[in-house]
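Student: Next comes coords.txt, compact mmCIF, C-alpha atoms:
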```txt
# COMPACT_ATOMS: atom_id res chain seq x y z
CA MET A 29 -11.52 10.16 0.07
CA SER A 30 -9.64 11.60 -2.88
CA LYS A 31 -12.81 13.04 -4.38
CA GLU A 32 -13.58 14.97 -1.21
CA ASN A 33 -10.06 16.33 -1.22
CA GLU A 34 -10.34 17.38 -4.79
CA GLN A 35 -13.41 19.52 -4.50
CA GLU A 36 -11.43 21.68 -2.17
CA PHE A 37 -8.93 22.70 -4.83
CA SER A 38 -9.36 25.24 -7.54
CA LEU A 39 -7.79 23.85 -10.69
CA GLN A 40 -7.82 27.33 -12.11
CA LEU A 41 -5.73 28.69 -9.25
CA LEU A 42 -3.39 25.69 -9.36
CA ARG A 43 -2.86 26.05 -13.10
CA SER A 44 -2.16 29.74 -12.80
CA GLY A 45 0.53 28.99 -10.23
CA ASP A 46 -1.22 30.44 -7.19
CA ARG A 47 1.28 29.72 -4.42
CA ALA A 48 -1.19 29.61 -1.53
CA GLU A 49 -3.31 27.05 -3.39
CA ILE A 50 -0.21 25.04 -4.29
CA ALA A 51 0.86 25.07 -0.63
CA ARG A 52 -2.57 23.70 0.31
CA LEU A 53 -2.23 20.94 -2.26
CA VAL A 54 1.22 20.05 -0.96
CA ASP A 55 -0.10 19.86 2.59
CA ALA A 56 -3.03 17.68 1.59
CA TYR A 57 -0.85 15.13 -0.18
CA SER A 58 2.61 15.28 1.38
CA THR A 59 1.95 12.60 3.98
CA LYS A 60 0.38 10.27 1.41
CA ILE A 61 3.23 10.71 -1.06
CA TYR A 62 5.89 10.40 1.64
CA ARG A 63 4.30 7.22 3.01
CA LEU A 64 4.02 5.69 -0.46
CA ALA A 65 7.70 6.42 -1.14
CA LEU A 66 8.77 5.15 2.27
CA LYS A 67 6.91 1.86 1.81
CA MET A 68 8.24 1.50 -1.74
CA LEU A 69 11.87 2.25 -0.88
CA ALA A 70 12.23 1.51 2.86
CA ASN A 71 14.68 4.38 3.17
CA PRO A 72 13.75 7.79 4.66
CA GLN A 73 16.34 9.72 2.62
CA ASP A 74 15.17 8.17 -0.65
CA ALA A 75 11.54 8.75 0.36
CA GLU A 76 12.31 12.42 0.93
CA ASP A 77 13.95 12.69 -2.51
CA VAL A 78 10.89 11.11 -4.13
CA LEU A 79 8.60 13.45 -2.18
CA GLN A 80 10.49 16.55 -3.32
CA ASN A 81 10.85 15.45 -6.93
CA THR A 82 7.18 14.47 -7.13
CA PHE A 83 6.00 17.93 -6.11
CA LEU A 84 8.65 19.72 -8.19
CA LYS A 85 7.49 17.84 -11.28
CA ALA A 86 3.81 18.23 -10.43
CA ILE A 87 4.10 21.98 -9.91
CA GLN A 88 5.96 22.29 -13.18
CA ALA A 89 3.30 20.27 -15.01
CA LEU A 90 0.24 21.83 -13.33
CA PRO A 91 -0.31 24.57 -15.94
CA LYS A 92 -0.82 21.80 -18.49
CA PHE A 93 -2.81 19.45 -16.24
CA GLU A 94 -5.90 18.48 -18.21
CA ALA A 95 -7.79 16.67 -15.45
CA ARG A 96 -8.10 13.53 -17.54
CA SER A 97 -7.39 11.70 -14.32
CA SER A 98 -8.06 13.03 -10.84
CA LEU A 99 -5.42 15.19 -9.15
CA SER A 100 -4.91 12.49 -6.59
CA THR A 101 -4.20 9.62 -9.00
CA TRP A 102 -2.08 11.95 -11.11
CA LEU A 103 0.11 12.80 -8.09
CA TYR A 104 0.35 9.14 -7.11
CA ARG A 105 1.39 8.27 -10.68
CA ILE A 106 4.24 10.78 -10.61
CA ALA A 107 5.34 9.50 -7.18
CA VAL A 108 5.25 5.86 -8.32
CA ASN A 109 7.36 6.67 -11.37
CA GLU A 110 9.86 8.60 -9.27
CA SER A 111 10.09 5.67 -6.82
CA LEU A 112 10.62 3.12 -9.57
CA MET A 113 13.29 5.30 -11.16
CA LEU A 114 15.14 5.48 -7.84
CA ILE A 115 14.88 1.73 -7.35
CA ARG A 116 16.35 1.13 -10.79
CA ARG A 117 19.13 3.61 -10.19
CA ARG A 118 19.87 2.07 -6.79
CA LYS A 119 20.05 -1.50 -8.03
CA PRO A 120 21.29 -1.27 -11.61
CA GLU A 121 22.85 -4.71 -11.31
CA ILE A 122 19.46 -6.39 -11.07
CA ASP A 123 17.96 -6.93 -14.45
CA ILE A 124 14.26 -6.59 -13.75
CA SER A 125 13.34 -8.61 -16.81
CA LEU A 126 15.16 -11.61 -15.35
CA LYS A 127 12.99 -11.62 -12.25
CA LYS A 128 10.30 -14.22 -12.12
CA ASP A 129 7.13 -12.74 -13.53
CA ASP A 130 4.65 -12.62 -10.68
CA ASP A 131 1.69 -12.59 -13.00
CA GLU A 132 2.51 -15.96 -14.41
CA SER A 133 3.84 -18.08 -11.58
CA GLU A 134 1.46 -20.66 -10.13
CA LEU A 135 -0.67 -19.56 -7.19
CA GLU A 136 -0.46 -21.96 -4.30
CA LEU A 137 -1.34 -21.94 -0.66
CA THR A 138 0.91 -22.85 2.24
CA HIS A 139 0.74 -22.19 5.99
CA PHE A 140 -2.48 -23.30 7.59
CA SER A 141 -1.82 -22.35 11.20
CA ASP A 142 -4.22 -19.89 12.72
CA TRP A 143 -2.49 -16.96 14.43
CA CYS A 144 -5.51 -14.65 14.52
CA CYS A 145 -5.91 -15.34 18.25
CA LEU A 146 -2.67 -13.53 19.12
CA PRO A 147 -3.37 -10.44 21.21
CA GLU A 148 -3.43 -7.09 19.38
CA SER A 149 -0.44 -5.90 21.42
CA GLU A 150 1.60 -8.76 19.96
CA LEU A 151 0.23 -8.31 16.43
CA ILE A 152 1.19 -4.65 16.18
CA SER A 153 4.16 -4.43 18.53
CA ALA A 154 7.14 -2.35 17.37
CA GLU A 155 8.90 -5.57 16.41
CA ALA A 156 5.87 -6.79 14.46
CA GLN A 157 5.71 -3.44 12.68
CA GLU A 158 9.25 -3.99 11.42
CA HIS A 159 8.25 -7.39 10.09
CA LEU A 160 5.21 -5.89 8.37
CA ASP A 161 7.46 -3.38 6.61
CA GLU A 162 10.10 -5.98 5.71
CA ALA A 163 7.45 -8.26 4.27
CA VAL A 164 6.35 -5.51 1.85
CA GLN A 165 9.96 -5.19 0.68
CA LYS A 166 9.95 -8.88 -0.23
CA LEU A 167 7.28 -8.29 -2.87
CA SER A 168 8.41 -7.57 -6.42
CA GLU A 169 8.02 -3.88 -7.37
CA LYS A 170 5.01 -4.71 -9.52
CA LEU A 171 3.11 -6.33 -6.66
CA ARG A 172 4.42 -3.92 -4.04
CA VAL A 173 3.12 -0.81 -5.74
CA VAL A 174 -0.38 -2.26 -6.19
CA PHE A 175 -0.51 -3.39 -2.58
CA ILE A 176 0.66 0.00 -1.26
CA LEU A 177 -1.86 1.99 -3.30
CA ARG A 178 -4.76 -0.30 -2.47
CA ASP A 179 -4.15 -1.53 1.09
CA ILE A 180 -1.96 1.18 2.57
CA GLU A 181 -3.17 4.29 0.73
CA LYS A 182 -6.65 2.75 0.47
CA LEU A 183 -7.30 3.70 -3.14
CA SER A 184 -10.11 1.84 -4.89
CA ILE A 185 -9.40 -0.74 -7.59
CA ALA A 186 -10.46 1.86 -10.19
CA GLU A 187 -8.19 4.56 -8.74
CA THR A 188 -5.24 2.15 -8.52
CA SER A 189 -5.80 1.16 -12.12
CA GLU A 190 -5.90 4.84 -13.14
CA ALA A 191 -2.77 5.74 -11.17
CA LEU A 192 -0.74 2.86 -12.61
CA GLU A 193 -2.30 2.93 -16.09
CA ILE A 194 -2.96 -0.81 -16.00
CA SER A 195 -6.29 -2.63 -16.32
CA GLU A 196 -8.52 -3.28 -13.32
CA ALA A 197 -8.11 -7.00 -13.97
CA ALA A 198 -4.34 -6.64 -13.66
CA VAL A 199 -4.75 -4.66 -10.42
CA LYS A 200 -6.98 -7.38 -8.96
CA LEU A 201 -4.61 -10.17 -9.92
CA ARG A 202 -1.53 -8.41 -8.54
CA LEU A 203 -3.39 -7.44 -5.38
CA LEU A 204 -4.41 -11.04 -4.78
CA ARG A 205 -0.84 -12.24 -5.29
CA ALA A 206 0.59 -9.54 -3.06
CA ARG A 207 -1.88 -10.21 -0.25
CA LEU A 208 -1.36 -13.98 -0.39
CA LYS A 209 2.38 -13.59 -0.33
CA LEU A 210 2.25 -11.21 2.63
CA ARG A 211 -0.09 -13.57 4.48
CA GLU A 212 2.45 -16.31 3.95
CA ILE A 213 5.39 -14.23 5.20
CA LEU A 214 3.45 -12.94 8.20
CA SER A 215 2.21 -16.44 9.03
CA LYS A 216 5.78 -17.64 9.47
CA TYR A 217 6.52 -14.80 11.87
CA TYR A 218 3.30 -14.86 13.89
CA VAL A 219 3.24 -18.66 14.23
CA GLU A 220 6.67 -18.39 15.85
CA ARG A 221 5.27 -15.79 18.25
CA LEU A 222 2.35 -18.10 18.98
CA ASP A 223 4.66 -21.02 19.72
CA SER A 224 6.82 -18.98 22.05
CA GLU A 225 3.70 -17.76 23.88
CA LYS A 226 2.58 -21.33 24.40
CA LYS A 227 6.01 -22.22 25.74
CA ASP A 228 5.86 -19.32 28.18
CA GLU A 229 2.45 -20.46 29.37
CA LYS A 230 3.70 -23.96 30.05
CA GLN A 231 6.63 -22.64 32.05
CA SER A 232 4.57 -20.39 34.26
CA MET B 28 -22.77 -30.61 -11.62
CA LYS B 29 -20.25 -29.38 -9.15
CA ASN B 30 -21.75 -28.17 -5.91
CA ASN B 31 -18.64 -27.39 -4.00
CA LEU B 32 -15.69 -25.25 -4.78
CA ASN B 33 -12.36 -26.93 -4.40
CA CYS B 34 -9.62 -25.08 -2.53
CA GLY B 35 -7.92 -23.96 -5.74
CA ALA B 36 -11.08 -22.42 -7.16
CA LEU B 37 -11.59 -20.50 -3.95
CA LEU B 38 -8.20 -18.89 -4.31
CA ALA B 39 -9.06 -16.79 -7.35
CA SER B 40 -11.99 -15.06 -5.62
CA LEU B 41 -10.38 -14.65 -2.24
CA SER B 42 -9.33 -11.01 -2.55
CA GLU B 43 -12.76 -9.86 -3.66
CA TYR B 44 -14.34 -12.01 -0.98
CA VAL B 45 -12.40 -10.40 1.87
CA ASP B 46 -13.11 -6.93 0.40
CA GLY B 47 -16.82 -7.75 0.45
CA ILE B 48 -17.26 -7.08 -3.26
CA LEU B 49 -17.87 -10.62 -4.46
CA GLY B 50 -21.29 -11.55 -5.87
CA ASP B 51 -23.76 -13.32 -3.57
CA ALA B 52 -23.65 -16.69 -5.29
CA LEU B 53 -19.87 -17.04 -5.09
CA CYS B 54 -19.89 -15.66 -1.57
CA LYS B 55 -22.24 -18.42 -0.46
CA GLU B 56 -20.12 -21.03 -2.17
CA ILE B 57 -17.03 -19.80 -0.34
CA GLU B 58 -18.86 -19.70 2.97
CA SER B 59 -20.13 -23.24 2.62
CA HIS B 60 -16.67 -24.37 1.55
CA ILE B 61 -14.87 -22.83 4.51
CA ALA B 62 -17.44 -24.24 6.91
CA ASP B 63 -16.13 -27.69 5.95
CA CYS B 64 -12.53 -26.96 5.04
CA ASP B 65 -10.44 -25.92 8.00
CA ASP B 66 -7.34 -25.04 5.97
CA CYS B 67 -9.29 -22.62 3.80
CA ARG B 68 -11.00 -21.11 6.83
CA VAL B 69 -7.57 -20.37 8.31
CA VAL B 70 -6.40 -18.87 5.02
CA VAL B 71 -9.44 -16.58 4.86
CA ASP B 72 -9.10 -15.52 8.51
CA THR B 73 -5.37 -14.88 8.39
CA LEU B 74 -5.69 -13.07 5.06
CA LYS B 75 -8.31 -10.76 6.53
CA LYS B 76 -6.06 -10.21 9.53
CA THR B 77 -3.05 -9.47 7.31
CA ILE B 78 -4.93 -6.74 5.46
CA TYR B 79 -6.38 -5.40 8.71
CA LEU B 80 -2.87 -5.08 10.21
CA TYR B 81 -1.61 -3.01 7.28
CA HIS B 82 -4.72 -0.84 7.41
CA GLU B 83 -4.27 -0.24 11.12
CA THR B 84 -0.57 0.51 11.09
CA SER B 85 -0.39 2.62 7.91
CA GLU B 86 -2.05 5.57 9.62
CA LYS B 87 0.93 5.84 11.92
CA THR B 88 3.27 7.08 9.21
CA ALA B 89 3.03 10.84 8.88
CA ILE B 90 5.47 13.24 7.28
CA PRO B 91 8.05 14.36 9.89
CA ILE B 92 8.08 18.10 10.61
CA ASP B 93 11.64 18.58 9.34
CA VAL B 94 10.88 16.72 6.11
CA ARG B 95 7.88 18.98 5.57
CA GLU B 96 9.99 22.07 6.20
CA ARG B 97 12.65 21.01 3.71
CA LEU B 98 9.94 20.20 1.17
CA PHE B 99 8.40 23.66 1.47
CA HIS B 100 11.84 25.21 1.19
CA ARG B 101 12.69 23.18 -1.92
CA LEU B 102 9.38 24.21 -3.51
CA ASP B 103 10.06 27.84 -2.71
CA LEU B 104 7.02 27.95 -0.44
CA ASP B 105 8.82 28.93 2.78
CA ASP B 106 6.34 31.70 3.50
CA PHE B 107 3.56 29.09 3.81
CA VAL B 108 5.41 26.62 5.99
CA ARG B 109 3.95 27.95 9.24
CA ASP B 110 0.31 27.73 8.18
CA ARG B 111 -0.20 24.07 8.87
CA SER B 112 2.72 23.18 11.11
CA GLN B 113 0.32 21.45 13.48
CA LEU B 114 -0.39 18.80 10.84
```
Can you turn what I pasted into structure tokens?

Tutor:
Amino acid sequence: MSKENEQEFSLQLLRSGDRAEIARLVDAYSTKIYRLALKMLANPQDAEDVLQNTFLKAIQALPKFEARSSLSTWLYRIAVNESLMLIRRRKPEIDISLKKDDDESELELTHFSDWCCLPESELISAEAQEHLDEAVQKLSEKLRVVFILRDIEKLSIAETSEALEISEAAVKLRLLRARLKLREILSKYYVERLDSEKKDEKQS
Amino acid sequence: MKNNLNCGALLASLSEYVDGILGDALCKEIESHIADCDDCRVVVDTLKKTIYLYHETSEKTAIPIDVRERLFHRLDLDDFVRDRSQL
């Protein structure tokens, strides 16, 4: 996906500050960057700030862009850093180092009720969508960012690793933890929906 | 020799399994395990569904038109804002 996008851009034009080419780059990535920021921060105003700052910084840095990573992962990296900076500024009272380290806590499984049979309309209703978004907010920043890049922006493991400058092994581990945790949170919600459906059936 | 995975051992390979990038041998082990272990089958199915739901719904978020306009203004690209307003 990102590779296809990239062939369309002239690095030479971008580096020389060609405004039409920059506008094309902004259009190609603005939805992706906005969505990443919105899922990271759960606040449209903050997401807009991240979006603007990401492109301001990128445009400023383009003349020196050496293409050591792809344009796409480079933009994502700037956006992730901007998002994390905003989170830290917003919640200065939380000492991130005191948070339980997600990489080290024990993995365990809970919730063995099957809710896959719920109808699609129930699974992606407007209310369910809110729960999907809230669940992402319950992940630590470290897990959240990996999940968003991989399962929402659909980057590969290699691209996620490049964007975050962490090893592929670390990406895989955090992705597994994030997915399991989300499955757990969603299970609680959907099993309730399932139970209330069964109740309705009995009554009718 | 251990023929069957226990539920804990399955856990570590789960993400790669649902992405379809796990090696054949481990894949078969997981499949034979979940054929006999109902809890693990539910975990695999609901995990797949969880990822599917995020895939499906993420496409719905697009940049709002006014946010795009303010972005172009902030970047001093106002003269290009009309080009792709249908996006």

Student: Scan for residues within 8 Å of the point (-4.8, -7.1, 12.5) in the coordinates of the file, using all atoms listed in the file, and reply as a PyMOL selection string.

Tutor: (chain A and resi 144+148+151-152) or (chain B and resi 75-81+83)

Student: Within 7 Å of chain A, which residues of chain B show up? Give each one with its shortest atom-to-atom distance in Å (one decimal) and the two atoms involved, counting only C-alpha atoms, rows by chain then rising residue number, as a Markdown table.

Tutor:
```
| residue | atom | partner | partner_atom | distance |
| --- | --- | --- | --- | --- |
| B:Ser42 | CA | A:Leu204 | CA | 5.4 |
| B:Asp66 | CA | A:Phe140 | CA | 5.4 |
| B:Val69 | CA | A:Asp142 | CA | 5.6 |
| B:Val70 | CA | A:Phe140 | CA | 6.4 |
| B:Thr73 | CA | A:Cys144 | CA | 6.1 |
| B:Leu74 | CA | A:Arg211 | CA | 5.7 |
| B:Lys76 | CA | A:Cys144 | CA | 6.7 |
| B:Thr77 | CA | A:Arg211 | CA | 5.8 |
| B:Ile78 | CA | A:Asp179 | CA | 6.8 |
| B:Tyr81 | CA | A:Ile180 | CA | 6.3 |
| B:His82 | CA | A:Ile180 | CA | 5.9 |
| B:Ser85 | CA | A:Ile180 | CA | 5.7 |
| B:Thr88 | CA | A:Arg63 | CA | 6.3 |
| B:Ala89 | CA | A:Thr59 | CA | 5.3 |
| B:Ile90 | CA | A:Thr59 | CA | 4.9 |
| B:Val94 | CA | A:Glu76 | CA | 6.9 |
| B:Leu98 | CA | A:Gln80 | CA | 5.8 |
| B:Leu102 | CA | A:Leu84 | CA | 6.5 |
| B:Leu104 | CA | A:Ala51 | CA | 6.8 |
| B:Phe107 | CA | A:Ala51 | CA | 6.6 |
```

Student: Write out as a list in words the residues lying within 10 Å of A:Ala198, counting only C-alpha atoms and excluding same-chain residues fewer than 6 positions away.

Tutor: Asp131, Val174, Ile185, Ser189 and Leu204 of chain A

Student: At a cut-off of 12 Å, using all atoms listed in the file, what residues contact A:Glu193? Leave out same-chain residues fewer than 3 positions from it and give the result as a list in words.

Tutor: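 Counting only the stated atoms, we get Ser97, Thr101, Trp102, Tyr104, Arg105, Ile106, Val108, Asn109, Val174, Ile185, Ala186, Glu187, Thr188, Ser189, Glu190, Glu196, Ala197, Ala198 and Val199 of chain A.
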
Student: Quick one: residues within 10 Å of A:Gly45, only C-alpha atoms counted, chain neighbours fewer than 3 positions away excluded, as a list in words?

Tutor: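 My reading of the contact set: Leu39, Gln40, Leu41, Leu42, Ala48, Glu49, Ile50, Ile87, Gln88, Leu90 and Pro91 of chain A.
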
Student: For B:Cys64, which residue out of B:Arg97, B:Ile92, B:Cys34, B:Ser40 is the nearest one, using only C-alpha atoms?

Tutor: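 The closest residue to B:Cys64 is B:Cys34.
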
Student: Using only the atoms of stretch 177-192 of chain A listed in the file, plus 6 Å on each side, state the axis-aligned box centre and edge lengths in Å rounded to one decimal, as JSON.

Tutor:
```
{"center_x": -5.6, "center_y": 2.1, "center_z": -5.3, "size_x": 21.7, "size_y": 19.3, "size_z": 27.7}
```

Student: Atom CA of A:Val78 to atom CA of B:His100: how many Å, to one decimal?

Tutor: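 Between atom CA of A:Val78 and atom CA of B:His100 the gap is 15.1 Å.
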
Student: For a test of reading the model, state the distance in Å between atom CA of B:Asn33 and atom CA of B:Val71, rounded to one decimal.

Tutor: 14.2 Å

Student: Enter the distance from atom CA of B:Leu38 to atom CA of A:His159, in Å, rounded to one decimal.

Tutor: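 Atom CA of B:Leu38 sits 24.7 Å away from atom CA of A:His159.
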
Student: Go through A:Ser38, A:Ser98, A:Thr82, A:Ser184 and flag the residue nearest B:Arg101, using only C-alpha atoms for the distances.

Tutor: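 Distance minimum relative to B:Arg101 lands on A:Thr82.
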
Student: Would you mind putting back all heavy atoms on stretch 70-81 of chain B, then writing it out as a CSV table (one decimal), keeping the file's coordinate frame?

Tutor:
```csv
chain,number,residue,atom,x,y,z
B,70,VAL,N,-6.9,-19.8,6.0
B,70,VAL,CA,-6.4,-18.9,5.0
B,70,VAL,C,-7.2,-17.6,5.0
B,70,VAL,O,-6.7,-16.5,5.0
B,70,VAL,CB,-6.3,-19.6,3.6
B,70,VAL,CG1,-6.1,-18.5,2.5
B,70,VAL,CG2,-5.3,-20.7,3.6
B,71,VAL,N,-8.6,-17.8,4.9
B,71,VAL,CA,-9.4,-16.6,4.9
B,71,VAL,C,-9.2,-15.7,6.1
B,71,VAL,O,-9.1,-14.5,6.0
B,71,VAL,CB,-10.9,-17.0,4.7
B,71,VAL,CG1,-11.9,-15.8,5.0
B,71,VAL,CG2,-11.2,-17.6,3.3
B,72,ASP,N,-9.2,-16.3,7.3
B,72,ASP,CA,-9.1,-15.5,8.5
B,72,ASP,C,-7.8,-14.8,8.6
B,72,ASP,O,-7.7,-13.6,9.0
B,72,ASP,CB,-9.3,-16.4,9.7
B,72,ASP,CG,-10.7,-16.8,10.0
B,72,ASP,OD1,-11.6,-16.3,9.3
B,72,ASP,OD2,-11.0,-17.7,10.8
B,73,THR,N,-6.7,-15.5,8.3
B,73,THR,CA,-5.4,-14.9,8.4
B,73,THR,C,-5.1,-13.9,7.3
B,73,THR,O,-4.4,-12.9,7.5
B,73,THR,CB,-4.2,-15.9,8.4
B,73,THR,OG1,-4.4,-16.8,7.3
B,73,THR,CG2,-4.2,-16.7,9.7
B,74,LEU,N,-5.8,-14.1,6.1
B,74,LEU,CA,-5.7,-13.1,5.1
B,74,LEU,C,-6.4,-11.8,5.5
B,74,LEU,O,-5.9,-10.7,5.3
B,74,LEU,CB,-6.3,-13.6,3.8
B,74,LEU,CG,-6.1,-12.7,2.5
B,74,LEU,CD1,-4.7,-12.6,2.1
B,74,LEU,CD2,-6.9,-13.2,1.4
B,75,LYS,N,-7.6,-11.9,6.0
B,75,LYS,CA,-8.3,-10.8,6.5
B,75,LYS,C,-7.5,-10.0,7.6
B,75,LYS,O,-7.4,-8.8,7.6
B,75,LYS,CB,-9.6,-11.2,7.2
B,75,LYS,CG,-10.8,-11.5,6.3
B,75,LYS,CD,-12.0,-11.7,7.1
B,75,LYS,CE,-13.2,-12.2,6.2
B,75,LYS,NZ,-14.2,-12.8,6.9
B,76,LYS,N,-6.9,-10.8,8.5
B,76,LYS,CA,-6.1,-10.2,9.5
B,76,LYS,C,-4.8,-9.5,9.0
B,76,LYS,O,-4.5,-8.4,9.4
B,76,LYS,CB,-5.6,-11.3,10.5
B,76,LYS,CG,-5.2,-10.8,11.9
B,76,LYS,CD,-6.4,-10.5,12.7
B,76,LYS,CE,-6.1,-10.1,14.1
B,76,LYS,NZ,-7.3,-9.9,14.9
B,77,THR,N,-4.2,-10.1,8.0
B,77,THR,CA,-3.0,-9.5,7.3
B,77,THR,C,-3.4,-8.1,6.8
B,77,THR,O,-2.7,-7.1,7.0
B,77,THR,CB,-2.6,-10.4,6.2
B,77,THR,OG1,-2.1,-11.6,6.7
B,77,THR,CG2,-1.4,-9.7,5.4
B,78,ILE,N,-4.5,-8.0,6.1
B,78,ILE,CA,-4.9,-6.7,5.5
B,78,ILE,C,-5.3,-5.7,6.6
B,78,ILE,O,-4.9,-4.6,6.5
B,78,ILE,CB,-6.1,-7.0,4.5
B,78,ILE,CG1,-5.7,-7.9,3.4
B,78,ILE,CG2,-6.7,-5.6,4.0
B,78,ILE,CD1,-6.8,-8.5,2.6
B,79,TYR,N,-6.0,-6.2,7.6
B,79,TYR,CA,-6.4,-5.4,8.7
B,79,TYR,C,-5.1,-4.8,9.4
B,79,TYR,O,-5.1,-3.6,9.7
B,79,TYR,CB,-7.2,-6.2,9.7
B,79,TYR,CG,-7.3,-5.6,11.1
B,79,TYR,CD1,-8.2,-4.6,11.4
B,79,TYR,CD2,-6.4,-6.0,12.1
B,79,TYR,CE1,-8.3,-4.1,12.6
B,79,TYR,CE2,-6.5,-5.5,13.4
B,79,TYR,CZ,-7.5,-4.5,13.6
B,79,TYR,OH,-7.5,-3.9,14.9
B,80,LEU,N,-4.1,-5.6,9.5
B,80,LEU,CA,-2.9,-5.1,10.2
B,80,LEU,C,-2.2,-4.0,9.4
B,80,LEU,O,-1.8,-3.0,10.0
B,80,LEU,CB,-1.9,-6.2,10.4
B,80,LEU,CG,-2.3,-7.2,11.5
B,80,LEU,CD1,-1.3,-8.4,11.5
B,80,LEU,CD2,-2.3,-6.6,12.9
B,81,TYR,N,-2.2,-4.1,8.1
B,81,TYR,CA,-1.6,-3.0,7.3
B,81,TYR,C,-2.5,-1.8,7.3
B,81,TYR,O,-2.0,-0.6,7.4
B,81,TYR,CB,-1.4,-3.5,5.8
B,81,TYR,CG,-0.1,-4.3,5.7
B,81,TYR,CD1,-0.2,-5.7,5.6
B,81,TYR,CD2,1.1,-3.7,5.8
B,81,TYR,CE1,0.9,-6.5,5.6
B,81,TYR,CE2,2.3,-4.5,5.7
B,81,TYR,CZ,2.2,-5.9,5.6
B,81,TYR,OH,3.3,-6.6,5.5
```
